[in-house]
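Report on the following structure.
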Amino acid sequence: MSGSFDFAPVLAQGLPAPAVKWKGSAKYNFIGGNNDADQVPVERLIAAAREVLAREGKTLATYGLASGPQGYRPLRDFLAAKLARTAGIACTADDILITSGSLQGLDLVNGVFLNRGDTVLIEQESYQGSLNRLTRLGVNAVGIPLDREGMRIDAVAAALDDLKRRNIRPKYIYTIPTVQNPTGTILSEERRVELLKLSEAHGVPIFEDDCYADLIWDGQRPPALYAMSKTGGVIHIGSFSKSIAPALRVGYIVAPWEMLSRMLALKTDAGSGALEQMVLAEFCAAHFTEHVPKLTRGLRAKLDTLMEALNAHFGTAAEFDDPKGGIFLWVKLPDVVDIQKLSQAALAAGVAINPGPEWSTNKPYSRSRMRLCFASPTHEAIREGVATLAEVCRREFDVPERIANVAQRARA
Ligand SMILES: Cc1ncc(COP(=O)(O)O)c(C=O)c1O
């Protein structure tokens, strides 16, 4: 119901623009960080829910279950063992805080570090959710360019030196080092060593966002920055959104108690949802290690379909590197393509894409780039969606000129 009461005069100052009402997903949906519906381990989650509730359901009577404010203890125990095995992180359940998705982790870390007017370093292309938070907080985000090996360390050094000359000490260096969003790069171990040296020399902590680290085709990853740091100047966040399912809303922060205690003091929600933590802990203890390679095999197959479709429908007009993991392809179209305009025209034709400028601190650089999520659409939808996108792009920008080796204007 929409009444006659006027809320406008009593609204808080500085609110973001109102949300747009959801009208359903596009037919060909390449946006967001959604997962593959066929890979959600539904039967095993049902079994896990039944078991854990039968055994421990009565603990739901207490805020924080019987585990206290850092989150369900068996889930933190699972994470401590998993992080040791896969990321080289030596920590215990006491070093972990379960959050409502890693987005809450971002908010809590930002909460303890950032004031309006502060400066941070961030990969030039980065997660929109992180960039938007910084904008809204009035924080100056210095974009560091990437190459095929991730964040360019020479550019980090230059930025830190430049800021130092201006008496500015950045609050953190935010990085998605292990399957970067959106570029899909993995920061090499050598670069990690260099980045840690710079962080220590300048007294600037590293904020490591590792939510895609499980989704690597060959399963090989360098140790986490958190694991490699000799001084403990790294805050690490992760998530179950990409390895299991985003709607569960379960993420985590790994940090020394000195910092975790600060974040816990800001986490005034009386605990993240208990059922999903319990179900995840029960499922993961038994099935996580076999679930993940199955998931990544399926994702890799969808990436192959996407790259084939782009090659077939855009030819050389679509440039991209074959990412080592993840759920996104970062694609460059010819300079003539204004990707914001393309995304609007494509949406009208049922194809949703993420325009590059929303994922970058450098608007001119990202003007003709887009991010495509290949995890969620089916193989068929990927093929049809890319074909439709190419049609729209040719109509709007005369790109691509050739499809499947047939000159379009000659064919028309
Ligand atoms: C780099 C990065 N960090 C954090 C998030 C937030 O994920 P969630 O809150 O679902 O854990 C995302 C989601 O796409 C992401 O790409």
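Within each chain, counting starts at residue 1; across the structure tokens, chains are named A, B, ... in the order shown, with ligands numbered 1 upward in that order.
Omitting region 267-269 of chain A and its sequence neighbours fewer than 6 positions away, and counting only C-alpha atoms, the residues within 9 Å are A:Thr99, A:Gln104, A:Leu108.
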Please dump the current selection as a JSON list (two decimals), in the first residue's frame; keep C-alpha atoms.
```json
[["chain", "number", "residue", "atom", "x", "y", "z"],
["A", 99, "THR", "CA", 29.73, -13.25, 9.45],
["A", 104, "GLN", "CA", 29.32, -8.19, 6.48],
["A", 108, "LEU", "CA", 33.20, -4.83, 9.83]]
```
Taking only C-alpha atoms and all ligand atoms into account, list the residues no farther than 9 Å from ligand 1, as a PDB file with all heavy atoms, in the first residue's frame.
```
ATOM      1  N   GLY A  32      26.032 -10.500 -11.599  1.00  0.00           N
ATOM      2  CA  GLY A  32      26.096 -10.928 -10.202  1.00  0.00           C
ATOM      3  C   GLY A  32      27.051 -12.092 -10.026  1.00  0.00           C
ATOM      4  O   GLY A  32      27.680 -12.565 -10.975  1.00  0.00           O
ATOM      5  N   GLY A  33      27.152 -12.542  -8.788  1.00  0.00           N
ATOM      6  CA  GLY A  33      28.067 -13.638  -8.471  1.00  0.00           C
ATOM      7  C   GLY A  33      27.321 -14.922  -8.184  1.00  0.00           C
ATOM      8  O   GLY A  33      27.682 -15.666  -7.273  1.00  0.00           O
ATOM      9  N   ASN A  34      26.275 -15.177  -8.972  1.00  0.00           N
ATOM     10  CA  ASN A  34      25.447 -16.353  -8.684  1.00  0.00           C
ATOM     11  C   ASN A  34      26.156 -17.658  -9.031  1.00  0.00           C
ATOM     12  O   ASN A  34      27.036 -17.685  -9.883  1.00  0.00           O
ATOM     13  CB  ASN A  34      24.133 -16.262  -9.469  1.00  0.00           C
ATOM     14  CG  ASN A  34      23.349 -15.030  -9.089  1.00  0.00           C
ATOM     15  OD1 ASN A  34      23.105 -14.797  -7.916  1.00  0.00           O
ATOM     16  ND2 ASN A  34      22.985 -14.223 -10.079  1.00  0.00           N
ATOM     17  N   THR A  99      30.496 -14.457   9.802  1.00  0.00           N
ATOM     18  CA  THR A  99      29.727 -13.253   9.453  1.00  0.00           C
ATOM     19  C   THR A  99      28.550 -13.625   8.539  1.00  0.00           C
ATOM     20  O   THR A  99      28.513 -14.725   7.986  1.00  0.00           O
ATOM     21  CB  THR A  99      30.625 -12.239   8.711  1.00  0.00           C
ATOM     22  OG1 THR A  99      31.220 -12.902   7.578  1.00  0.00           O
ATOM     23  CG2 THR A  99      31.732 -11.720   9.622  1.00  0.00           C
ATOM     24  N   SER A 100      27.636 -12.682   8.371  1.00  0.00           N
ATOM     25  CA  SER A 100      26.504 -12.900   7.465  1.00  0.00           C
ATOM     26  C   SER A 100      26.964 -12.575   6.047  1.00  0.00           C
ATOM     27  O   SER A 100      26.802 -11.455   5.555  1.00  0.00           O
ATOM     28  CB  SER A 100      25.329 -12.020   7.878  1.00  0.00           C
ATOM     29  OG  SER A 100      24.975 -12.304   9.213  1.00  0.00           O
ATOM     30  N   GLY A 101      27.585 -13.534   5.403  1.00  0.00           N
ATOM     31  CA  GLY A 101      28.227 -13.316   4.120  1.00  0.00           C
ATOM     32  C   GLY A 101      29.528 -12.546   4.332  1.00  0.00           C
ATOM     33  O   GLY A 101      29.731 -11.921   5.388  1.00  0.00           O
ATOM     34  N   SER A 102      30.422 -12.594   3.343  1.00  0.00           N
ATOM     35  CA  SER A 102      31.657 -11.822   3.523  1.00  0.00           C
ATOM     36  C   SER A 102      31.388 -10.325   3.329  1.00  0.00           C
ATOM     37  O   SER A 102      32.219  -9.494   3.662  1.00  0.00           O
ATOM     38  CB  SER A 102      32.791 -12.324   2.626  1.00  0.00           C
ATOM     39  OG  SER A 102      32.421 -12.387   1.291  1.00  0.00           O
ATOM     40  N   LEU A 103      30.194  -9.977   2.805  1.00  0.00           N
ATOM     41  CA  LEU A 103      29.840  -8.549   2.742  1.00  0.00           C
ATOM     42  C   LEU A 103      29.791  -7.942   4.141  1.00  0.00           C
ATOM     43  O   LEU A 103      30.217  -6.807   4.357  1.00  0.00           O
ATOM     44  CB  LEU A 103      28.487  -8.373   2.051  1.00  0.00           C
ATOM     45  CG  LEU A 103      28.542  -8.429   0.528  1.00  0.00           C
ATOM     46  CD1 LEU A 103      27.151  -8.472  -0.061  1.00  0.00           C
ATOM     47  CD2 LEU A 103      29.305  -7.237  -0.029  1.00  0.00           C
ATOM     48  N   GLN A 104      29.278  -8.715   5.105  1.00  0.00           N
ATOM     49  CA  GLN A 104      29.315  -8.195   6.476  1.00  0.00           C
ATOM     50  C   GLN A 104      30.768  -8.102   6.954  1.00  0.00           C
ATOM     51  O   GLN A 104      31.124  -7.177   7.691  1.00  0.00           O
ATOM     52  CB  GLN A 104      28.498  -9.074   7.430  1.00  0.00           C
ATOM     53  CG  GLN A 104      28.375  -8.440   8.798  1.00  0.00           C
ATOM     54  CD  GLN A 104      27.615  -9.282   9.813  1.00  0.00           C
ATOM     55  OE1 GLN A 104      27.745 -10.504   9.841  1.00  0.00           O
ATOM     56  NE2 GLN A 104      26.804  -8.626  10.625  1.00  0.00           N
ATOM     57  N   GLY A 105      31.588  -9.039   6.502  1.00  0.00           N
ATOM     58  CA  GLY A 105      33.019  -8.963   6.816  1.00  0.00           C
ATOM     59  C   GLY A 105      33.617  -7.663   6.289  1.00  0.00           C
ATOM     60  O   GLY A 105      34.363  -6.967   6.988  1.00  0.00           O
ATOM     61  N   LEU A 106      33.267  -7.317   5.045  1.00  0.00           N
ATOM     62  CA  LEU A 106      33.749  -6.050   4.470  1.00  0.00           C
ATOM     63  C   LEU A 106      33.321  -4.872   5.336  1.00  0.00           C
ATOM     64  O   LEU A 106      34.115  -3.970   5.631  1.00  0.00           O
ATOM     65  CB  LEU A 106      33.175  -5.857   3.059  1.00  0.00           C
ATOM     66  CG  LEU A 106      33.854  -6.590   1.909  1.00  0.00           C
ATOM     67  CD1 LEU A 106      32.979  -6.556   0.670  1.00  0.00           C
ATOM     68  CD2 LEU A 106      35.202  -5.971   1.595  1.00  0.00           C
ATOM     69  N   SER A 126      37.989  -4.060  -9.549  1.00  0.00           N
ATOM     70  CA  SER A 126      37.704  -4.741  -8.286  1.00  0.00           C
ATOM     71  C   SER A 126      36.207  -4.983  -8.141  1.00  0.00           C
ATOM     72  O   SER A 126      35.405  -4.587  -8.994  1.00  0.00           O
ATOM     73  CB  SER A 126      38.236  -3.923  -7.106  1.00  0.00           C
ATOM     74  OG  SER A 126      38.113  -4.653  -5.901  1.00  0.00           O
ATOM     75  N   TYR A 127      35.868  -5.622  -7.048  1.00  0.00           N
ATOM     76  CA  TYR A 127      34.488  -5.994  -6.749  1.00  0.00           C
ATOM     77  C   TYR A 127      33.644  -4.737  -6.513  1.00  0.00           C
ATOM     78  O   TYR A 127      34.005  -3.876  -5.715  1.00  0.00           O
ATOM     79  CB  TYR A 127      34.509  -6.891  -5.512  1.00  0.00           C
ATOM     80  CG  TYR A 127      33.175  -7.219  -4.921  1.00  0.00           C
ATOM     81  CD1 TYR A 127      32.097  -7.617  -5.705  1.00  0.00           C
ATOM     82  CD2 TYR A 127      32.992  -7.177  -3.539  1.00  0.00           C
ATOM     83  CE1 TYR A 127      30.887  -7.938  -5.137  1.00  0.00           C
ATOM     84  CE2 TYR A 127      31.776  -7.507  -2.956  1.00  0.00           C
ATOM     85  CZ  TYR A 127      30.729  -7.874  -3.765  1.00  0.00           C
ATOM     86  OH  TYR A 127      29.525  -8.196  -3.190  1.00  0.00           O
ATOM     87  N   GLN A 128      32.531  -4.661  -7.220  1.00  0.00           N
ATOM     88  CA  GLN A 128      31.672  -3.490  -7.128  1.00  0.00           C
ATOM     89  C   GLN A 128      31.212  -3.230  -5.695  1.00  0.00           C
ATOM     90  O   GLN A 128      31.120  -2.092  -5.243  1.00  0.00           O
ATOM     91  CB  GLN A 128      30.458  -3.678  -8.046  1.00  0.00           C
ATOM     92  CG  GLN A 128      29.579  -2.453  -8.124  1.00  0.00           C
ATOM     93  CD  GLN A 128      28.234  -2.759  -8.772  1.00  0.00           C
ATOM     94  OE1 GLN A 128      27.714  -3.865  -8.658  1.00  0.00           O
ATOM     95  NE2 GLN A 128      27.681  -1.781  -9.452  1.00  0.00           N
ATOM     96  N   GLY A 129      30.938  -4.313  -4.960  1.00  0.00           N
ATOM     97  CA  GLY A 129      30.480  -4.171  -3.571  1.00  0.00           C
ATOM     98  C   GLY A 129      31.533  -3.487  -2.702  1.00  0.00           C
ATOM     99  O   GLY A 129      31.189  -2.738  -1.782  1.00  0.00           O
ATOM    100  N   SER A 130      32.795  -3.734  -2.996  1.00  0.00           N
ATOM    101  CA  SER A 130      33.876  -3.093  -2.236  1.00  0.00           C
ATOM    102  C   SER A 130      34.036  -1.641  -2.676  1.00  0.00           C
ATOM    103  O   SER A 130      34.172  -0.735  -1.841  1.00  0.00           O
ATOM    104  CB  SER A 130      35.192  -3.838  -2.451  1.00  0.00           C
ATOM    105  OG  SER A 130      35.036  -5.188  -2.098  1.00  0.00           O
ATOM    106  N   THR A 175      42.947  -6.334  -1.491  1.00  0.00           N
ATOM    107  CA  THR A 175      43.241  -7.155  -2.669  1.00  0.00           C
ATOM    108  C   THR A 175      42.410  -8.432  -2.676  1.00  0.00           C
ATOM    109  O   THR A 175      42.072  -8.980  -1.615  1.00  0.00           O
ATOM    110  CB  THR A 175      44.746  -7.494  -2.756  1.00  0.00           C
ATOM    111  OG1 THR A 175      44.974  -8.383  -3.851  1.00  0.00           O
ATOM    112  CG2 THR A 175      45.281  -8.112  -1.475  1.00  0.00           C
ATOM    113  N   ILE A 176      42.069  -8.867  -3.880  1.00  0.00           N
ATOM    114  CA  ILE A 176      41.433 -10.174  -4.090  1.00  0.00           C
ATOM    115  C   ILE A 176      42.503 -10.982  -4.822  1.00  0.00           C
ATOM    116  O   ILE A 176      42.489 -11.093  -6.048  1.00  0.00           O
ATOM    117  CB  ILE A 176      40.146 -10.039  -4.941  1.00  0.00           C
ATOM    118  CG1 ILE A 176      39.255  -8.918  -4.399  1.00  0.00           C
ATOM    119  CG2 ILE A 176      39.389 -11.369  -4.996  1.00  0.00           C
ATOM    120  CD1 ILE A 176      38.151  -8.464  -5.360  1.00  0.00           C
ATOM    121  N   GLN A 180      41.031 -13.171  -8.937  1.00  0.00           N
ATOM    122  CA  GLN A 180      40.592 -11.803  -8.726  1.00  0.00           C
ATOM    123  C   GLN A 180      39.233 -11.561  -9.382  1.00  0.00           C
ATOM    124  O   GLN A 180      38.938 -12.144 -10.440  1.00  0.00           O
ATOM    125  CB  GLN A 180      41.666 -10.861  -9.322  1.00  0.00           C
ATOM    126  CG  GLN A 180      41.794  -9.515  -8.680  1.00  0.00           C
ATOM    127  CD  GLN A 180      41.000  -8.450  -9.421  1.00  0.00           C
ATOM    128  OE1 GLN A 180      40.572  -8.666 -10.540  1.00  0.00           O
ATOM    129  NE2 GLN A 180      40.826  -7.297  -8.798  1.00  0.00           N
ATOM    130  N   ASN A 181      38.424 -10.742  -8.753  1.00  0.00           N
ATOM    131  CA  ASN A 181      37.142 -10.321  -9.334  1.00  0.00           C
ATOM    132  C   ASN A 181      37.316  -8.882  -9.803  1.00  0.00           C
ATOM    133  O   ASN A 181      37.595  -8.023  -8.972  1.00  0.00           O
ATOM    134  CB  ASN A 181      36.051 -10.412  -8.258  1.00  0.00           C
ATOM    135  CG  ASN A 181      34.695  -9.951  -8.742  1.00  0.00           C
ATOM    136  OD1 ASN A 181      34.520  -9.607  -9.896  1.00  0.00           O
ATOM    137  ND2 ASN A 181      33.722  -9.935  -7.839  1.00  0.00           N
ATOM    138  N   PRO A 182      37.207  -8.593 -11.094  1.00  0.00           N
ATOM    139  CA  PRO A 182      36.666  -9.415 -12.178  1.00  0.00           C
ATOM    140  C   PRO A 182      37.704 -10.088 -13.080  1.00  0.00           C
ATOM    141  O   PRO A 182      37.322 -10.827 -13.986  1.00  0.00           O
ATOM    142  CB  PRO A 182      35.918  -8.373 -13.012  1.00  0.00           C
ATOM    143  CG  PRO A 182      36.787  -7.147 -12.917  1.00  0.00           C
ATOM    144  CD  PRO A 182      37.377  -7.188 -11.516  1.00  0.00           C
ATOM    145  N   ASP A 209      40.816 -10.488   0.485  1.00  0.00           N
ATOM    146  CA  ASP A 209      39.467 -11.019   0.251  1.00  0.00           C
ATOM    147  C   ASP A 209      39.620 -12.260  -0.623  1.00  0.00           C
ATOM    148  O   ASP A 209      39.920 -12.172  -1.811  1.00  0.00           O
ATOM    149  CB  ASP A 209      38.626  -9.934  -0.439  1.00  0.00           C
ATOM    150  CG  ASP A 209      37.167 -10.332  -0.589  1.00  0.00           C
ATOM    151  OD1 ASP A 209      36.862 -11.530  -0.433  1.00  0.00           O
ATOM    152  OD2 ASP A 209      36.344  -9.450  -0.871  1.00  0.00           O
ATOM    153  N   ASP A 210      39.392 -13.426  -0.033  1.00  0.00           N
ATOM    154  CA  ASP A 210      39.778 -14.683  -0.698  1.00  0.00           C
ATOM    155  C   ASP A 210      38.586 -15.550  -1.084  1.00  0.00           C
ATOM    156  O   ASP A 210      38.687 -16.777  -1.112  1.00  0.00           O
ATOM    157  CB  ASP A 210      40.696 -15.469   0.262  1.00  0.00           C
ATOM    158  CG  ASP A 210      41.993 -15.931  -0.416  1.00  0.00           C
ATOM    159  OD1 ASP A 210      42.320 -15.395  -1.486  1.00  0.00           O
ATOM    160  OD2 ASP A 210      42.668 -16.822   0.126  1.00  0.00           O
ATOM    161  N   CYS A 211      37.465 -14.934  -1.430  1.00  0.00           N
ATOM    162  CA  CYS A 211      36.244 -15.742  -1.540  1.00  0.00           C
ATOM    163  C   CYS A 211      36.192 -16.677  -2.751  1.00  0.00           C
ATOM    164  O   CYS A 211      35.353 -17.569  -2.786  1.00  0.00           O
ATOM    165  CB  CYS A 211      35.000 -14.863  -1.465  1.00  0.00           C
ATOM    166  SG  CYS A 211      34.753 -13.796  -2.861  1.00  0.00           S
ATOM    167  N   TYR A 212      37.082 -16.481  -3.734  1.00  0.00           N
ATOM    168  CA  TYR A 212      37.057 -17.386  -4.901  1.00  0.00           C
ATOM    169  C   TYR A 212      38.161 -18.439  -4.856  1.00  0.00           C
ATOM    170  O   TYR A 212      38.348 -19.194  -5.816  1.00  0.00           O
ATOM    171  CB  TYR A 212      37.186 -16.570  -6.201  1.00  0.00           C
ATOM    172  CG  TYR A 212      36.027 -15.637  -6.385  1.00  0.00           C
ATOM    173  CD1 TYR A 212      36.130 -14.289  -6.052  1.00  0.00           C
ATOM    174  CD2 TYR A 212      34.802 -16.102  -6.843  1.00  0.00           C
ATOM    175  CE1 TYR A 212      35.047 -13.437  -6.172  1.00  0.00           C
ATOM    176  CE2 TYR A 212      33.718 -15.262  -6.977  1.00  0.00           C
ATOM    177  CZ  TYR A 212      33.845 -13.930  -6.631  1.00  0.00           C
ATOM    178  OH  TYR A 212      32.769 -13.104  -6.750  1.00  0.00           O
ATOM    179  N   ILE A 237      39.419 -12.362   4.750  1.00  0.00           N
ATOM    180  CA  ILE A 237      37.998 -12.727   4.773  1.00  0.00           C
ATOM    181  C   ILE A 237      37.708 -13.770   3.699  1.00  0.00           C
ATOM    182  O   ILE A 237      38.414 -13.864   2.690  1.00  0.00           O
ATOM    183  CB  ILE A 237      37.035 -11.519   4.623  1.00  0.00           C
ATOM    184  CG1 ILE A 237      37.141 -10.874   3.238  1.00  0.00           C
ATOM    185  CG2 ILE A 237      37.259 -10.490   5.712  1.00  0.00           C
ATOM    186  CD1 ILE A 237      36.029  -9.858   2.971  1.00  0.00           C
ATOM    187  N   GLY A 238      36.688 -14.564   3.951  1.00  0.00           N
ATOM    188  CA  GLY A 238      36.300 -15.601   2.994  1.00  0.00           C
ATOM    189  C   GLY A 238      34.808 -15.845   3.082  1.00  0.00           C
ATOM    190  O   GLY A 238      34.089 -15.175   3.836  1.00  0.00           O
ATOM    191  N   SER A 239      34.345 -16.820   2.308  1.00  0.00           N
ATOM    192  CA  SER A 239      32.904 -16.995   2.154  1.00  0.00           C
ATOM    193  C   SER A 239      32.569 -18.415   1.725  1.00  0.00           C
ATOM    194  O   SER A 239      33.395 -19.082   1.089  1.00  0.00           O
ATOM    195  CB  SER A 239      32.420 -16.019   1.086  1.00  0.00           C
ATOM    196  OG  SER A 239      31.047 -16.167   0.851  1.00  0.00           O
ATOM    197  N   PHE A 240      31.369 -18.851   2.036  1.00  0.00           N
ATOM    198  CA  PHE A 240      30.851 -20.108   1.475  1.00  0.00           C
ATOM    199  C   PHE A 240      29.969 -19.832   0.252  1.00  0.00           C
ATOM    200  O   PHE A 240      29.409 -20.755  -0.325  1.00  0.00           O
ATOM    201  CB  PHE A 240      30.039 -20.863   2.538  1.00  0.00           C
ATOM    202  CG  PHE A 240      30.897 -21.493   3.603  1.00  0.00           C
ATOM    203  CD1 PHE A 240      31.134 -20.832   4.797  1.00  0.00           C
ATOM    204  CD2 PHE A 240      31.486 -22.733   3.401  1.00  0.00           C
ATOM    205  CE1 PHE A 240      31.936 -21.400   5.782  1.00  0.00           C
ATOM    206  CE2 PHE A 240      32.291 -23.314   4.372  1.00  0.00           C
ATOM    207  CZ  PHE A 240      32.519 -22.649   5.571  1.00  0.00           C
ATOM    208  N   SER A 241      29.843 -18.557  -0.115  1.00  0.00           N
ATOM    209  CA  SER A 241      28.931 -18.213  -1.219  1.00  0.00           C
ATOM    210  C   SER A 241      29.358 -18.840  -2.532  1.00  0.00           C
ATOM    211  O   SER A 241      28.532 -19.243  -3.333  1.00  0.00           O
ATOM    212  CB  SER A 241      28.885 -16.696  -1.406  1.00  0.00           C
ATOM    213  OG  SER A 241      28.209 -16.094  -0.339  1.00  0.00           O
ATOM    214  N   LYS A 242      30.655 -18.871  -2.775  1.00  0.00           N
ATOM    215  CA  LYS A 242      31.129 -19.324  -4.078  1.00  0.00           C
ATOM    216  C   LYS A 242      31.386 -20.826  -4.094  1.00  0.00           C
ATOM    217  O   LYS A 242      31.237 -21.470  -5.120  1.00  0.00           O
ATOM    218  CB  LYS A 242      32.401 -18.560  -4.469  1.00  0.00           C
ATOM    219  CG  LYS A 242      32.306 -17.062  -4.274  1.00  0.00           C
ATOM    220  CD  LYS A 242      31.153 -16.423  -5.048  1.00  0.00           C
ATOM    221  CE  LYS A 242      30.915 -15.004  -4.583  1.00  0.00           C
ATOM    222  NZ  LYS A 242      29.806 -14.351  -5.300  1.00  0.00           N
ATOM    223  N   ALA A 245      26.945 -22.003  -1.730  1.00  0.00           N
ATOM    224  CA  ALA A 245      25.758 -21.298  -2.238  1.00  0.00           C
ATOM    225  C   ALA A 245      25.653 -19.901  -1.620  1.00  0.00           C
ATOM    226  O   ALA A 245      25.746 -19.762  -0.396  1.00  0.00           O
ATOM    227  CB  ALA A 245      24.495 -22.085  -1.898  1.00  0.00           C
ATOM    228  N   PRO A 246      25.457 -18.873  -2.465  1.00  0.00           N
ATOM    229  CA  PRO A 246      25.454 -17.505  -1.946  1.00  0.00           C
ATOM    230  C   PRO A 246      24.252 -17.146  -1.069  1.00  0.00           C
ATOM    231  O   PRO A 246      24.367 -16.314  -0.170  1.00  0.00           O
ATOM    232  CB  PRO A 246      25.472 -16.629  -3.207  1.00  0.00           C
ATOM    233  CG  PRO A 246      24.975 -17.505  -4.302  1.00  0.00           C
ATOM    234  CD  PRO A 246      25.355 -18.904  -3.933  1.00  0.00           C
ATOM    235  N   ALA A 247      23.115 -17.811  -1.306  1.00  0.00           N
ATOM    236  CA  ALA A 247      21.930 -17.433  -0.526  1.00  0.00           C
ATOM    237  C   ALA A 247      22.038 -17.866   0.938  1.00  0.00           C
ATOM    238  O   ALA A 247      21.255 -17.405   1.774  1.00  0.00           O
ATOM    239  CB  ALA A 247      20.670 -18.026  -1.169  1.00  0.00           C
ATOM    240  N   LEU A 248      22.998 -18.739   1.249  1.00  0.00           N
ATOM    241  CA  LEU A 248      23.171 -19.137   2.652  1.00  0.00           C
ATOM    242  C   LEU A 248      23.610 -17.955   3.508  1.00  0.00           C
ATOM    243  O   LEU A 248      23.319 -17.906   4.696  1.00  0.00           O
ATOM    244  CB  LEU A 248      24.226 -20.246   2.760  1.00  0.00           C
ATOM    245  CG  LEU A 248      23.802 -21.603   2.215  1.00  0.00           C
ATOM    246  CD1 LEU A 248      24.992 -22.534   2.144  1.00  0.00           C
ATOM    247  CD2 LEU A 248      22.716 -22.203   3.102  1.00  0.00           C
ATOM    248  N   ARG A 249      24.357 -17.029   2.901  1.00  0.00           N
ATOM    249  CA  ARG A 249      24.866 -15.837   3.589  1.00  0.00           C
ATOM    250  C   ARG A 249      25.794 -16.198   4.757  1.00  0.00           C
ATOM    251  O   ARG A 249      25.574 -15.790   5.898  1.00  0.00           O
ATOM    252  CB  ARG A 249      23.717 -14.914   4.088  1.00  0.00           C
ATOM    253  CG  ARG A 249      22.655 -14.557   3.082  1.00  0.00           C
ATOM    254  CD  ARG A 249      23.194 -13.964   1.804  1.00  0.00           C
ATOM    255  NE  ARG A 249      24.052 -12.800   1.997  1.00  0.00           N
ATOM    256  CZ  ARG A 249      25.272 -12.707   1.435  1.00  0.00           C
ATOM    257  NH1 ARG A 249      25.778 -13.672   0.682  1.00  0.00           N
ATOM    258  NH2 ARG A 249      25.985 -11.638   1.640  1.00  0.00           N
ATOM    259  N   VAL A 250      26.802 -16.977   4.475  1.00  0.00           N
ATOM    260  CA  VAL A 250      27.785 -17.294   5.506  1.00  0.00           C
ATOM    261  C   VAL A 250      29.192 -16.968   4.997  1.00  0.00           C
ATOM    262  O   VAL A 250      29.635 -17.496   3.972  1.00  0.00           O
ATOM    263  CB  VAL A 250      27.728 -18.779   5.945  1.00  0.00           C
ATOM    264  CG1 VAL A 250      28.770 -19.040   7.050  1.00  0.00           C
ATOM    265  CG2 VAL A 250      26.333 -19.126   6.463  1.00  0.00           C
ATOM    266  N   GLY A 251      29.849 -16.082   5.708  1.00  0.00           N
ATOM    267  CA  GLY A 251      31.236 -15.740   5.425  1.00  0.00           C
ATOM    268  C   GLY A 251      32.013 -15.745   6.734  1.00  0.00           C
ATOM    269  O   GLY A 251      31.483 -16.129   7.782  1.00  0.00           O
ATOM    270  N   TYR A 252      33.276 -15.309   6.675  1.00  0.00           N
ATOM    271  CA  TYR A 252      34.089 -15.320   7.897  1.00  0.00           C
ATOM    272  C   TYR A 252      35.255 -14.347   7.781  1.00  0.00           C
ATOM    273  O   TYR A 252      35.659 -13.960   6.686  1.00  0.00           O
ATOM    274  CB  TYR A 252      34.605 -16.739   8.187  1.00  0.00           C
ATOM    275  CG  TYR A 252      35.325 -17.373   7.023  1.00  0.00           C
ATOM    276  CD1 TYR A 252      36.691 -17.220   6.839  1.00  0.00           C
ATOM    277  CD2 TYR A 252      34.614 -18.123   6.073  1.00  0.00           C
ATOM    278  CE1 TYR A 252      37.336 -17.795   5.756  1.00  0.00           C
ATOM    279  CE2 TYR A 252      35.255 -18.688   4.978  1.00  0.00           C
ATOM    280  CZ  TYR A 252      36.615 -18.527   4.836  1.00  0.00           C
ATOM    281  OH  TYR A 252      37.242 -19.072   3.756  1.00  0.00           O
TER     282      TYR A 252
END
```
Please compute the CA of Leu15 (chain A)-CA of Asn132 (chain A) distance, one decimal, in Å.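 It comes out at 13.2 Å.
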For region 277-292 of chain A: contacts at 10 Å, only C-alpha atoms, fewer than 4 positions along chain excluded, given as a PyMOL selection string: chain A and resi 39-41+44-53+56-57+65+71-79+81-82+98-100+214-216+219+240+242-244+248-251+272-273+296-298
Out of region 339-371 of chain A, which residues get helix (DSSP H, G or I) from DSSP, as a ChimeraX atom specification? /A:339-348,356-359,363-366
